[in-house]
Amino acid sequence: MGIVAALSGRMRKNALHKGLLGGRRGWFAVGLLAYGWRFLRRVMRSPSEQLVAERLAPGETLIVESIPRRRRRRRGSQ
């Protein structure tokens, strides 16, 4: 996990415990900003695209596979 993700997770945890449960206004404000930002990012992202919609008959099966992404070459190792 990256350092920024670790710090933001720690801040959200402190905001929840110290602000919402502990009654500290500063941490409550931090929590509102942090959780509000996450909520807005989730709401504003583009909707997922539906590629196929089919009804399966009894006895039919569906196999879902994941295709691994190709990795990009690093600039130094060409």
# chains A, B, ... in the order shown; residues from 1 in each chain; ligands from 1
call {"tool": "select_by_dssp", "arguments": {"residues": "chain A", "states": "helix (DSSP H, G or I)", "output": "MDAnalysis selection string"}}
result
chainID A and resid 3:21 25:44
call {"tool": "atom_distance", "arguments": {"atom1": "atom CA of Arg12 of chain A", "atom2": "atom CA of Met44 of chain A"}}
result
20.7 Å
call {"tool": "atom_distance", "arguments": {"atom1": "atom CA of Gly31 of chain A", "atom2": "atom CA of Leu16 of chain A"}}
result
6.4 Å
call {"tool": "atom_distance", "arguments": {"atom1": "atom CA of Lys18 of chain A", "atom2": "atom CA of Trp37 of chain A"}}
result
19.0 Å
call {"tool": "residues_around", "arguments": {"residues": "segment 5-9 of chain A", "least_positions_apart": "4", "cutoff": "12 Å", "atoms": "only C-alpha atoms", "output": "ChimeraX atom specification"}}
result
/A:1,13-16,30-31,33-35,37-38
